[in-house]
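**Student:** Pasting input_9.cif here (mmCIF, N, CA and C atoms):
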data_work
loop_
_atom_site.label_atom_id
_atom_site.label_comp_id
_atom_site.auth_asym_id
_atom_site.auth_seq_id
_atom_site.Cartn_x
_atom_site.Cartn_y
_atom_site.Cartn_z
N MET A 1 210.58 -7.65 3.93
CA MET A 1 210.28 -9.02 3.60
C MET A 1 209.69 -9.70 4.83
N HIS A 2 208.61 -10.43 4.63
CA HIS A 2 207.96 -11.17 5.71
C HIS A 2 208.64 -12.54 5.82
N LYS A 3 209.24 -12.83 6.95
CA LYS A 3 209.95 -14.09 7.14
C LYS A 3 209.19 -14.93 8.16
N ILE A 4 208.88 -16.17 7.79
CA ILE A 4 208.16 -17.10 8.65
C ILE A 4 209.08 -18.27 8.98
N LEU A 5 209.28 -18.54 10.26
CA LEU A 5 210.02 -19.73 10.65
C LEU A 5 209.03 -20.88 10.73
N VAL A 6 209.33 -21.96 10.04
CA VAL A 6 208.48 -23.15 10.06
C VAL A 6 209.27 -24.27 10.72
N ALA A 7 208.82 -24.68 11.89
CA ALA A 7 209.50 -25.75 12.62
C ALA A 7 208.88 -27.08 12.23
N ILE A 8 209.72 -28.01 11.79
CA ILE A 8 209.21 -29.32 11.38
C ILE A 8 210.00 -30.43 12.06
N ASP A 9 209.31 -31.56 12.26
CA ASP A 9 209.96 -32.73 12.85
C ASP A 9 209.70 -33.99 12.03
N GLY A 10 209.11 -33.81 10.85
CA GLY A 10 208.84 -34.95 9.98
C GLY A 10 207.47 -35.56 10.19
N SER A 11 206.76 -35.14 11.24
CA SER A 11 205.43 -35.69 11.51
C SER A 11 204.42 -35.16 10.49
N ASP A 12 203.28 -35.84 10.41
CA ASP A 12 202.22 -35.39 9.51
C ASP A 12 201.77 -33.97 9.85
N THR A 13 201.64 -33.68 11.15
CA THR A 13 201.18 -32.34 11.52
C THR A 13 202.21 -31.27 11.16
N SER A 14 203.48 -31.59 11.27
CA SER A 14 204.48 -30.58 10.90
C SER A 14 204.48 -30.35 9.39
N MET A 15 204.21 -31.38 8.63
CA MET A 15 204.15 -31.21 7.17
C MET A 15 202.89 -30.44 6.77
N ARG A 16 201.79 -30.61 7.51
CA ARG A 16 200.61 -29.79 7.26
C ARG A 16 200.91 -28.33 7.60
N ALA A 17 201.69 -28.11 8.66
CA ALA A 17 202.10 -26.75 9.02
C ALA A 17 202.96 -26.15 7.91
N LEU A 18 203.83 -26.95 7.31
CA LEU A 18 204.67 -26.49 6.20
C LEU A 18 203.79 -26.08 5.02
N ASP A 19 202.80 -26.90 4.70
CA ASP A 19 201.88 -26.58 3.60
C ASP A 19 201.12 -25.28 3.89
N PHE A 20 200.65 -25.13 5.13
CA PHE A 20 199.93 -23.92 5.54
C PHE A 20 200.82 -22.69 5.39
N ALA A 21 202.06 -22.80 5.87
CA ALA A 21 202.99 -21.67 5.78
C ALA A 21 203.28 -21.32 4.32
N ALA A 22 203.40 -22.32 3.47
CA ALA A 22 203.64 -22.07 2.05
C ALA A 22 202.46 -21.33 1.43
N GLN A 23 201.24 -21.69 1.81
CA GLN A 23 200.06 -20.97 1.32
C GLN A 23 200.10 -19.51 1.77
N GLN A 24 200.47 -19.29 3.03
CA GLN A 24 200.56 -17.93 3.55
C GLN A 24 201.65 -17.13 2.82
N ALA A 25 202.76 -17.78 2.55
CA ALA A 25 203.87 -17.11 1.87
C ALA A 25 203.49 -16.72 0.44
N ARG A 26 202.69 -17.54 -0.21
CA ARG A 26 202.26 -17.20 -1.57
C ARG A 26 201.36 -15.97 -1.60
N LEU A 27 200.66 -15.71 -0.49
CA LEU A 27 199.78 -14.54 -0.42
C LEU A 27 200.56 -13.23 -0.27
N ALA A 28 201.76 -13.33 0.24
CA ALA A 28 202.63 -12.15 0.41
C ALA A 28 203.86 -12.37 -0.47
N PRO A 29 203.90 -11.75 -1.64
CA PRO A 29 204.96 -12.03 -2.62
C PRO A 29 206.39 -11.93 -2.10
N ALA A 30 206.64 -11.10 -1.12
CA ALA A 30 208.01 -10.95 -0.63
C ALA A 30 208.28 -11.85 0.57
N ALA A 31 207.39 -12.78 0.85
CA ALA A 31 207.56 -13.65 2.02
C ALA A 31 208.58 -14.75 1.75
N GLU A 32 209.23 -15.17 2.83
CA GLU A 32 210.22 -16.25 2.76
C GLU A 32 210.01 -17.18 3.95
N LEU A 33 210.13 -18.47 3.68
CA LEU A 33 210.04 -19.47 4.74
C LEU A 33 211.44 -19.87 5.18
N HIS A 34 211.62 -19.96 6.46
CA HIS A 34 212.86 -20.51 7.01
C HIS A 34 212.45 -21.81 7.70
N VAL A 35 212.75 -22.94 7.05
CA VAL A 35 212.32 -24.25 7.54
C VAL A 35 213.41 -24.79 8.45
N LEU A 36 213.03 -25.10 9.68
CA LEU A 36 213.99 -25.50 10.71
C LEU A 36 213.59 -26.83 11.33
N THR A 37 214.54 -27.72 11.45
CA THR A 37 214.33 -28.93 12.24
C THR A 37 215.38 -28.93 13.34
N VAL A 38 214.94 -29.24 14.53
CA VAL A 38 215.83 -29.24 15.70
C VAL A 38 215.93 -30.66 16.22
N GLN A 39 217.14 -31.16 16.26
CA GLN A 39 217.39 -32.49 16.81
C GLN A 39 217.84 -32.34 18.26
N PRO A 40 217.27 -33.13 19.17
CA PRO A 40 217.67 -33.03 20.58
C PRO A 40 219.17 -33.26 20.74
N LEU A 41 219.74 -32.65 21.75
CA LEU A 41 221.16 -32.83 22.04
C LEU A 41 221.49 -34.30 22.26
N ALA A 42 222.67 -34.71 21.84
CA ALA A 42 223.09 -36.10 22.02
C ALA A 42 223.04 -36.50 23.49
N SER A 43 223.29 -35.56 24.38
CA SER A 43 223.26 -35.89 25.81
C SER A 43 221.88 -36.27 26.29
N THR A 44 220.84 -35.95 25.48
CA THR A 44 219.48 -36.35 25.82
C THR A 44 219.37 -37.87 25.79
N TYR A 45 220.22 -38.49 25.01
CA TYR A 45 220.17 -39.93 24.84
C TYR A 45 221.18 -40.65 25.72
N THR A 46 221.47 -40.15 26.91
CA THR A 46 222.56 -40.69 27.72
C THR A 46 222.46 -42.21 27.93
N ALA A 47 221.29 -42.74 28.08
CA ALA A 47 221.17 -44.19 28.25
C ALA A 47 221.69 -44.93 27.02
N TRP A 48 221.47 -44.36 25.85
CA TRP A 48 221.95 -44.98 24.63
C TRP A 48 223.47 -44.94 24.52
N GLU A 49 224.09 -43.95 25.15
CA GLU A 49 225.54 -43.79 25.01
C GLU A 49 226.30 -44.97 25.60
N ILE A 50 225.63 -45.79 26.38
CA ILE A 50 226.26 -47.01 26.88
C ILE A 50 226.57 -47.94 25.71
N TYR A 51 225.69 -47.92 24.70
CA TYR A 51 225.80 -48.84 23.58
C TYR A 51 226.29 -48.18 22.28
N VAL A 52 226.09 -46.88 22.18
CA VAL A 52 226.42 -46.17 20.95
C VAL A 52 227.19 -44.90 21.32
N SER A 53 228.23 -44.60 20.58
CA SER A 53 229.04 -43.41 20.89
C SER A 53 228.26 -42.12 20.61
N ALA A 54 228.67 -41.04 21.26
CA ALA A 54 228.04 -39.74 21.05
C ALA A 54 228.19 -39.31 19.59
N ASP A 55 229.33 -39.62 18.97
CA ASP A 55 229.52 -39.27 17.57
C ASP A 55 228.53 -40.01 16.67
N ARG A 56 228.31 -41.28 16.98
CA ARG A 56 227.36 -42.07 16.19
C ARG A 56 225.93 -41.55 16.39
N LEU A 57 225.59 -41.17 17.63
CA LEU A 57 224.27 -40.61 17.89
C LEU A 57 224.08 -39.31 17.10
N ARG A 58 225.11 -38.48 17.05
CA ARG A 58 225.05 -37.23 16.30
C ARG A 58 224.89 -37.52 14.80
N GLU A 59 225.59 -38.53 14.32
CA GLU A 59 225.49 -38.93 12.93
C GLU A 59 224.06 -39.39 12.59
N ILE A 60 223.47 -40.15 13.50
CA ILE A 60 222.09 -40.62 13.31
C ILE A 60 221.14 -39.42 13.29
N ALA A 61 221.32 -38.49 14.22
CA ALA A 61 220.46 -37.30 14.29
C ALA A 61 220.59 -36.47 13.02
N GLU A 62 221.81 -36.31 12.53
CA GLU A 62 222.02 -35.54 11.30
C GLU A 62 221.37 -36.22 10.10
N GLY A 63 221.42 -37.54 10.06
CA GLY A 63 220.76 -38.28 8.98
C GLY A 63 219.25 -38.10 9.03
N ARG A 64 218.71 -38.14 10.23
CA ARG A 64 217.26 -37.95 10.41
C ARG A 64 216.88 -36.53 9.99
N ALA A 65 217.66 -35.55 10.42
CA ALA A 65 217.39 -34.16 10.05
C ALA A 65 217.46 -33.96 8.54
N ARG A 66 218.46 -34.56 7.90
CA ARG A 66 218.61 -34.43 6.45
C ARG A 66 217.39 -35.02 5.75
N ALA A 67 216.90 -36.17 6.21
CA ALA A 67 215.72 -36.79 5.60
C ALA A 67 214.49 -35.88 5.75
N ILE A 68 214.34 -35.27 6.92
CA ILE A 68 213.22 -34.37 7.17
C ILE A 68 213.30 -33.15 6.25
N LEU A 69 214.49 -32.56 6.15
CA LEU A 69 214.66 -31.37 5.31
C LEU A 69 214.54 -31.69 3.82
N ASP A 70 215.01 -32.87 3.41
CA ASP A 70 214.86 -33.28 2.01
C ASP A 70 213.38 -33.42 1.66
N ALA A 71 212.59 -33.99 2.57
CA ALA A 71 211.15 -34.12 2.34
C ALA A 71 210.50 -32.74 2.25
N ALA A 72 210.93 -31.82 3.10
CA ALA A 72 210.38 -30.46 3.06
C ALA A 72 210.74 -29.78 1.74
N ALA A 73 211.98 -29.92 1.30
CA ALA A 73 212.41 -29.31 0.04
C ALA A 73 211.61 -29.85 -1.13
N ALA A 74 211.37 -31.15 -1.14
CA ALA A 74 210.59 -31.76 -2.22
C ALA A 74 209.16 -31.22 -2.20
N ARG A 75 208.62 -31.04 -1.02
CA ARG A 75 207.26 -30.53 -0.86
C ARG A 75 207.16 -29.06 -1.31
N LEU A 76 208.22 -28.29 -1.07
CA LEU A 76 208.20 -26.86 -1.39
C LEU A 76 208.70 -26.55 -2.80
N LYS A 77 209.23 -27.55 -3.48
CA LYS A 77 209.85 -27.35 -4.79
C LYS A 77 208.96 -26.57 -5.75
N ASP A 78 207.69 -26.91 -5.79
CA ASP A 78 206.76 -26.24 -6.71
C ASP A 78 205.77 -25.34 -5.97
N ALA A 79 206.10 -24.96 -4.75
CA ALA A 79 205.16 -24.17 -3.93
C ALA A 79 205.10 -22.71 -4.34
N GLY A 80 206.09 -22.25 -5.08
CA GLY A 80 206.06 -20.86 -5.53
C GLY A 80 206.43 -19.86 -4.47
N CYS A 81 207.28 -20.26 -3.52
CA CYS A 81 207.74 -19.31 -2.49
C CYS A 81 209.22 -19.56 -2.21
N LYS A 82 209.88 -18.53 -1.70
CA LYS A 82 211.28 -18.67 -1.34
C LYS A 82 211.38 -19.41 -0.02
N PHE A 83 212.44 -20.22 0.11
CA PHE A 83 212.63 -20.92 1.38
C PHE A 83 214.10 -21.24 1.59
N ALA A 84 214.43 -21.39 2.86
CA ALA A 84 215.77 -21.81 3.28
C ALA A 84 215.58 -22.95 4.26
N LEU A 85 216.53 -23.88 4.29
CA LEU A 85 216.45 -25.04 5.17
C LEU A 85 217.59 -24.99 6.18
N GLU A 86 217.30 -25.42 7.41
CA GLU A 86 218.35 -25.43 8.43
C GLU A 86 218.07 -26.52 9.45
N GLN A 87 219.15 -27.12 9.93
CA GLN A 87 219.05 -28.06 11.04
C GLN A 87 219.94 -27.56 12.16
N ILE A 88 219.45 -27.73 13.39
CA ILE A 88 220.20 -27.32 14.57
C ILE A 88 220.01 -28.41 15.62
N GLU A 89 221.01 -28.56 16.45
CA GLU A 89 220.92 -29.48 17.58
C GLU A 89 220.66 -28.65 18.84
N GLY A 90 219.71 -29.06 19.65
CA GLY A 90 219.43 -28.34 20.89
C GLY A 90 218.07 -28.71 21.45
N ASP A 91 217.66 -27.98 22.47
CA ASP A 91 216.32 -28.16 23.03
C ASP A 91 215.34 -27.61 22.00
N PRO A 92 214.41 -28.43 21.50
CA PRO A 92 213.55 -27.97 20.41
C PRO A 92 212.80 -26.67 20.69
N ALA A 93 212.09 -26.57 21.78
CA ALA A 93 211.27 -25.37 22.03
C ALA A 93 212.12 -24.12 22.16
N GLU A 94 213.13 -24.18 22.98
CA GLU A 94 213.97 -23.00 23.20
C GLU A 94 214.73 -22.61 21.93
N THR A 95 215.18 -23.60 21.18
CA THR A 95 215.93 -23.34 19.95
C THR A 95 215.04 -22.71 18.88
N ILE A 96 213.82 -23.22 18.74
CA ILE A 96 212.89 -22.66 17.75
C ILE A 96 212.60 -21.19 18.07
N ALA A 97 212.27 -20.91 19.32
CA ALA A 97 211.95 -19.54 19.71
C ALA A 97 213.16 -18.61 19.54
N ALA A 98 214.33 -19.07 19.96
CA ALA A 98 215.53 -18.24 19.85
C ALA A 98 215.91 -18.00 18.39
N ARG A 99 215.82 -19.03 17.56
CA ARG A 99 216.22 -18.90 16.16
C ARG A 99 215.30 -17.93 15.42
N ALA A 100 214.02 -17.93 15.75
CA ALA A 100 213.09 -16.99 15.13
C ALA A 100 213.53 -15.56 15.42
N GLY A 101 213.95 -15.30 16.65
CA GLY A 101 214.44 -13.97 17.01
C GLY A 101 215.73 -13.62 16.30
N GLU A 102 216.66 -14.57 16.24
CA GLU A 102 217.95 -14.32 15.58
C GLU A 102 217.79 -13.99 14.10
N LEU A 103 216.83 -14.64 13.46
CA LEU A 103 216.61 -14.45 12.02
C LEU A 103 215.71 -13.25 11.71
N GLY A 104 215.11 -12.68 12.74
CA GLY A 104 214.18 -11.57 12.52
C GLY A 104 212.86 -12.03 11.93
N CYS A 105 212.45 -13.24 12.24
CA CYS A 105 211.18 -13.75 11.73
C CYS A 105 210.02 -13.01 12.38
N GLU A 106 208.97 -12.83 11.61
CA GLU A 106 207.78 -12.15 12.11
C GLU A 106 206.78 -13.11 12.72
N SER A 107 206.94 -14.41 12.47
CA SER A 107 206.05 -15.40 13.05
C SER A 107 206.69 -16.79 12.97
N ILE A 108 206.09 -17.71 13.73
CA ILE A 108 206.49 -19.11 13.74
C ILE A 108 205.26 -19.94 13.40
N THR A 109 205.42 -20.91 12.54
CA THR A 109 204.34 -21.85 12.22
C THR A 109 204.87 -23.24 12.51
N MET A 110 204.06 -24.03 13.21
CA MET A 110 204.48 -25.40 13.52
C MET A 110 203.26 -26.27 13.76
N GLY A 111 203.46 -27.56 13.70
CA GLY A 111 202.39 -28.50 13.97
C GLY A 111 202.28 -28.79 15.45
N THR A 112 201.15 -29.34 15.81
CA THR A 112 200.95 -29.80 17.18
C THR A 112 200.42 -31.21 17.09
N ARG A 113 200.83 -32.03 18.00
CA ARG A 113 200.47 -33.44 17.91
C ARG A 113 199.26 -33.83 18.74
N GLY A 114 198.74 -32.96 19.56
CA GLY A 114 197.60 -33.32 20.40
C GLY A 114 197.97 -34.41 21.38
N ALA A 115 199.08 -34.22 22.10
CA ALA A 115 199.53 -35.22 23.07
C ALA A 115 198.45 -35.47 24.12
N GLY A 116 198.46 -36.64 24.70
CA GLY A 116 197.49 -36.98 25.74
C GLY A 116 197.64 -36.07 26.95
N GLN A 117 196.60 -35.95 27.73
CA GLN A 117 196.59 -35.05 28.89
C GLN A 117 197.70 -35.39 29.89
N VAL A 118 197.97 -36.67 30.12
CA VAL A 118 199.01 -37.04 31.07
C VAL A 118 200.37 -36.57 30.58
N SER A 119 200.66 -36.76 29.29
CA SER A 119 201.95 -36.31 28.74
C SER A 119 202.12 -34.81 28.90
N ILE A 120 201.05 -34.07 28.63
CA ILE A 120 201.14 -32.62 28.73
C ILE A 120 201.40 -32.21 30.17
N LEU A 121 200.73 -32.85 31.11
CA LEU A 121 200.92 -32.51 32.52
C LEU A 121 202.34 -32.83 32.98
N VAL A 122 202.88 -33.95 32.52
CA VAL A 122 204.19 -34.38 32.97
C VAL A 122 205.31 -33.57 32.34
N MET A 123 205.31 -33.42 31.02
CA MET A 123 206.42 -32.76 30.36
C MET A 123 206.04 -31.55 29.53
N GLY A 124 204.78 -31.34 29.28
CA GLY A 124 204.38 -30.22 28.43
C GLY A 124 204.71 -30.53 26.98
N SER A 125 204.09 -29.84 26.07
CA SER A 125 204.39 -30.09 24.66
C SER A 125 205.39 -29.08 24.15
N VAL A 126 206.08 -29.44 23.10
CA VAL A 126 207.03 -28.53 22.48
C VAL A 126 206.29 -27.28 22.02
N ALA A 127 205.10 -27.48 21.42
CA ALA A 127 204.33 -26.33 20.94
C ALA A 127 204.00 -25.36 22.07
N GLN A 128 203.57 -25.87 23.20
CA GLN A 128 203.26 -25.00 24.34
C GLN A 128 204.49 -24.23 24.80
N ARG A 129 205.61 -24.91 24.82
CA ARG A 129 206.85 -24.26 25.27
C ARG A 129 207.33 -23.22 24.27
N VAL A 130 207.12 -23.46 22.97
CA VAL A 130 207.49 -22.45 21.97
C VAL A 130 206.63 -21.21 22.17
N VAL A 131 205.32 -21.40 22.36
CA VAL A 131 204.44 -20.26 22.60
C VAL A 131 204.92 -19.47 23.81
N TYR A 132 205.34 -20.15 24.85
CA TYR A 132 205.82 -19.49 26.06
C TYR A 132 207.10 -18.68 25.80
N HIS A 133 208.04 -19.27 25.06
CA HIS A 133 209.35 -18.64 24.85
C HIS A 133 209.38 -17.63 23.71
N ALA A 134 208.50 -17.75 22.75
CA ALA A 134 208.57 -16.93 21.53
C ALA A 134 208.19 -15.48 21.79
N ALA A 135 208.87 -14.59 21.09
CA ALA A 135 208.57 -13.16 21.17
C ALA A 135 207.72 -12.73 19.96
N VAL A 136 207.37 -13.68 19.09
CA VAL A 136 206.56 -13.39 17.91
C VAL A 136 205.33 -14.30 17.92
N PRO A 137 204.31 -13.98 17.12
CA PRO A 137 203.13 -14.84 17.06
C PRO A 137 203.48 -16.26 16.60
N VAL A 138 202.78 -17.23 17.17
CA VAL A 138 202.99 -18.64 16.83
C VAL A 138 201.67 -19.20 16.31
N THR A 139 201.70 -19.78 15.12
CA THR A 139 200.53 -20.42 14.54
C THR A 139 200.71 -21.92 14.68
N LEU A 140 199.74 -22.58 15.32
CA LEU A 140 199.78 -24.03 15.49
C LEU A 140 198.79 -24.67 14.53
N VAL A 141 199.25 -25.68 13.80
CA VAL A 141 198.43 -26.36 12.81
C VAL A 141 198.22 -27.79 13.25
N LYS A 142 196.94 -28.23 13.25
CA LYS A 142 196.61 -29.61 13.62
C LYS A 142 196.70 -30.52 12.44
#
Step by step, read the file and then write its structure as structure tokens.

**Tutor:**
Amino acid sequence: MHKILVAIDGSDTSMRALDFAAQQARLAPAAELHVLTVQPLASTYTAWEIYVSADRLREIAEGRARAILDAAAARLKDAGCKFALEQIEGDPAETIAARAGELGCESITMGTRGAGQVSILVMGSVAQRVVYHAAVPVTLVK
């Protein structure tokens, strides 16, 4: 079975990547999509913890993840391919690459946002970091 990990964050580009992956999965009858959204660790929001508890931040992140996955499920409902949904908390790039390996995925499909040159120089993009960390081919969709 061909398994494709599709990383989504709710953005338009990630949803285009989901559509692209669904098209690819329909071409291979035994293909399955593993749709993953990764929410940053609550400790990433340390400045917010002054005003909001870590539990509340986690609750907010889980709500956001659920909304993203619900939108993906609705989009894939009539796509004609098998899929599974998952949310994880962690560093997005490292988690996406690691999860693809753990699941035995043959590829990763994700969107790219075309961040400005200064942003890329300062922090790099999640997509670039996934390509660096992944042991399988990564397809980036604009």

**Student:** Based on the backbone DSSP call, show me all residues of chain A assigned strand (DSSP E), as a PDB file with N, CA and C atoms, in the frame of the given file.

**Tutor:**
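In the end it all went to result.pdb:
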ATOM      1  N   LYS A   3     209.240 -12.830   6.950  1.00  0.00           N
ATOM      2  CA  LYS A   3     209.950 -14.090   7.140  1.00  0.00           C
ATOM      3  C   LYS A   3     209.190 -14.930   8.160  1.00  0.00           C
ATOM      4  N   ILE A   4     208.880 -16.170   7.790  1.00  0.00           N
ATOM      5  CA  ILE A   4     208.160 -17.100   8.650  1.00  0.00           C
ATOM      6  C   ILE A   4     209.080 -18.270   8.980  1.00  0.00           C
ATOM      7  N   LEU A   5     209.280 -18.540  10.260  1.00  0.00           N
ATOM      8  CA  LEU A   5     210.020 -19.730  10.650  1.00  0.00           C
ATOM      9  C   LEU A   5     209.030 -20.880  10.730  1.00  0.00           C
ATOM     10  N   VAL A   6     209.330 -21.960  10.040  1.00  0.00           N
ATOM     11  CA  VAL A   6     208.480 -23.150  10.060  1.00  0.00           C
ATOM     12  C   VAL A   6     209.270 -24.270  10.720  1.00  0.00           C
ATOM     13  N   ALA A   7     208.820 -24.680  11.890  1.00  0.00           N
ATOM     14  CA  ALA A   7     209.500 -25.750  12.620  1.00  0.00           C
ATOM     15  C   ALA A   7     208.880 -27.080  12.230  1.00  0.00           C
ATOM     16  N   GLU A  32     209.230 -15.170   2.830  1.00  0.00           N
ATOM     17  CA  GLU A  32     210.220 -16.250   2.760  1.00  0.00           C
ATOM     18  C   GLU A  32     210.010 -17.180   3.950  1.00  0.00           C
ATOM     19  N   LEU A  33     210.130 -18.470   3.680  1.00  0.00           N
ATOM     20  CA  LEU A  33     210.040 -19.470   4.740  1.00  0.00           C
ATOM     21  C   LEU A  33     211.440 -19.870   5.180  1.00  0.00           C
ATOM     22  N   HIS A  34     211.620 -19.960   6.460  1.00  0.00           N
ATOM     23  CA  HIS A  34     212.860 -20.510   7.010  1.00  0.00           C
ATOM     24  C   HIS A  34     212.450 -21.810   7.700  1.00  0.00           C
ATOM     25  N   VAL A  35     212.750 -22.940   7.050  1.00  0.00           N
ATOM     26  CA  VAL A  35     212.320 -24.250   7.540  1.00  0.00           C
ATOM     27  C   VAL A  35     213.410 -24.790   8.450  1.00  0.00           C
ATOM     28  N   LEU A  36     213.030 -25.100   9.680  1.00  0.00           N
ATOM     29  CA  LEU A  36     213.990 -25.500  10.710  1.00  0.00           C
ATOM     30  C   LEU A  36     213.590 -26.830  11.330  1.00  0.00           C
ATOM     31  N   THR A  37     214.540 -27.720  11.450  1.00  0.00           N
ATOM     32  CA  THR A  37     214.330 -28.930  12.240  1.00  0.00           C
ATOM     33  C   THR A  37     215.380 -28.930  13.340  1.00  0.00           C
ATOM     34  N   VAL A  38     214.940 -29.240  14.530  1.00  0.00           N
ATOM     35  CA  VAL A  38     215.830 -29.240  15.700  1.00  0.00           C
ATOM     36  C   VAL A  38     215.930 -30.660  16.220  1.00  0.00           C
ATOM     37  N   GLN A  39     217.140 -31.160  16.260  1.00  0.00           N
ATOM     38  CA  GLN A  39     217.390 -32.490  16.810  1.00  0.00           C
ATOM     39  C   GLN A  39     217.840 -32.340  18.260  1.00  0.00           C
ATOM     40  N   LYS A  82     209.880 -18.530  -1.700  1.00  0.00           N
ATOM     41  CA  LYS A  82     211.280 -18.670  -1.340  1.00  0.00           C
ATOM     42  C   LYS A  82     211.380 -19.410  -0.020  1.00  0.00           C
ATOM     43  N   PHE A  83     212.440 -20.220   0.110  1.00  0.00           N
ATOM     44  CA  PHE A  83     212.630 -20.920   1.380  1.00  0.00           C
ATOM     45  C   PHE A  83     214.100 -21.240   1.590  1.00  0.00           C
ATOM     46  N   ALA A  84     214.430 -21.390   2.860  1.00  0.00           N
ATOM     47  CA  ALA A  84     215.770 -21.810   3.280  1.00  0.00           C
ATOM     48  C   ALA A  84     215.580 -22.950   4.260  1.00  0.00           C
ATOM     49  N   LEU A  85     216.530 -23.880   4.290  1.00  0.00           N
ATOM     50  CA  LEU A  85     216.450 -25.040   5.170  1.00  0.00           C
ATOM     51  C   LEU A  85     217.590 -24.990   6.180  1.00  0.00           C
ATOM     52  N   GLU A  86     217.300 -25.420   7.410  1.00  0.00           N
ATOM     53  CA  GLU A  86     218.350 -25.430   8.430  1.00  0.00           C
ATOM     54  C   GLU A  86     218.070 -26.520   9.450  1.00  0.00           C
ATOM     55  N   GLN A  87     219.150 -27.120   9.930  1.00  0.00           N
ATOM     56  CA  GLN A  87     219.050 -28.060  11.040  1.00  0.00           C
ATOM     57  C   GLN A  87     219.940 -27.560  12.160  1.00  0.00           C
ATOM     58  N   ILE A  88     219.450 -27.730  13.390  1.00  0.00           N
ATOM     59  CA  ILE A  88     220.200 -27.320  14.570  1.00  0.00           C
ATOM     60  C   ILE A  88     220.010 -28.410  15.620  1.00  0.00           C
ATOM     61  N   GLU A  89     221.010 -28.560  16.450  1.00  0.00           N
ATOM     62  CA  GLU A  89     220.920 -29.480  17.580  1.00  0.00           C
ATOM     63  C   GLU A  89     220.660 -28.650  18.840  1.00  0.00           C
ATOM     64  N   SER A 107     206.940 -14.410  12.470  1.00  0.00           N
ATOM     65  CA  SER A 107     206.050 -15.400  13.050  1.00  0.00           C
ATOM     66  C   SER A 107     206.690 -16.790  12.970  1.00  0.00           C
ATOM     67  N   ILE A 108     206.090 -17.710  13.730  1.00  0.00           N
ATOM     68  CA  ILE A 108     206.490 -19.110  13.740  1.00  0.00           C
ATOM     69  C   ILE A 108     205.260 -19.940  13.400  1.00  0.00           C
ATOM     70  N   THR A 109     205.420 -20.910  12.540  1.00  0.00           N
ATOM     71  CA  THR A 109     204.340 -21.850  12.220  1.00  0.00           C
ATOM     72  C   THR A 109     204.870 -23.240  12.510  1.00  0.00           C
ATOM     73  N   MET A 110     204.060 -24.030  13.210  1.00  0.00           N
ATOM     74  CA  MET A 110     204.480 -25.400  13.520  1.00  0.00           C
ATOM     75  C   MET A 110     203.260 -26.270  13.760  1.00  0.00           C
ATOM     76  N   GLY A 111     203.460 -27.560  13.700  1.00  0.00           N
ATOM     77  CA  GLY A 111     202.390 -28.500  13.970  1.00  0.00           C
ATOM     78  C   GLY A 111     202.280 -28.790  15.450  1.00  0.00           C
ATOM     79  N   VAL A 138     202.780 -17.230  17.170  1.00  0.00           N
ATOM     80  CA  VAL A 138     202.990 -18.640  16.830  1.00  0.00           C
ATOM     81  C   VAL A 138     201.670 -19.200  16.310  1.00  0.00           C
ATOM     82  N   THR A 139     201.700 -19.780  15.120  1.00  0.00           N
ATOM     83  CA  THR A 139     200.530 -20.420  14.540  1.00  0.00           C
ATOM     84  C   THR A 139     200.710 -21.920  14.680  1.00  0.00           C
ATOM     85  N   LEU A 140     199.740 -22.580  15.320  1.00  0.00           N
ATOM     86  CA  LEU A 140     199.780 -24.030  15.490  1.00  0.00           C
ATOM     87  C   LEU A 140     198.790 -24.670  14.530  1.00  0.00           C
ATOM     88  N   VAL A 141     199.250 -25.680  13.800  1.00  0.00           N
ATOM     89  CA  VAL A 141     198.430 -26.360  12.810  1.00  0.00           C
ATOM     90  C   VAL A 141     198.220 -27.790  13.250  1.00  0.00           C
TER      91      VAL A 141
END

**Student:** If the PyMOL selection byres (((chain A and resi 74-76 and name CA) around 12) and name CA) were run on this exact file, what residues would it hold? Put them as a ChimeraX atom specification.

**Tutor:** /A:10,15-23,25-26,32-35,67-73,77-85

**Student:** Calculated over only N, CA and C atoms, which of the candidates A:Leu140, A:Ala134, A:Ala65, A:Glu106 has the smallest distance to Gln39 (chain A)?

**Tutor:**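 Checking each of A:Leu140, A:Ala134, A:Ala65, A:Glu106 against Gln39 (chain A), counting only N, CA and C atoms, the winner is A:Ala65.
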
**Student:** Using only N, CA and C atoms, find the one residue out of A:Ala7, A:Ala54, A:Met1, A:Ala127 that sits nearest to Ile108 (chain A).

**Tutor:**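 The answer is A:Ala7, which sits nearest to Ile108 (chain A).
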
**Student:** If you run DSSP on this backbone, which residues of chain A come out as alpha helix (DSSP H), and could you give them as a ChimeraX atom specification?

**Tutor:** /A:12-27,54-76,92-103,117-123,126-133

**Student:** What does the distance between atom N of Arg129 (chain A) and CA of Ala98 (chain A) come to in Å, to one decimal place?

**Tutor:**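 Computing it gives 12.9 Å between the two atoms.
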
**Student:** CA of Ala93 (chain A) to CA of Glu62 (chain A): how many Å, to one decimal?

**Tutor:**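 Going from CA of Ala93 (chain A) over to CA of Glu62 (chain A), I get 18.3 Å.
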
**Student:** Given all atoms listed in the file as the basis, pick out the residue of A:Thr112, A:Ser53, A:Leu36, A:Val138 nearest to Gln87 (chain A).

**Tutor:** A:Leu36
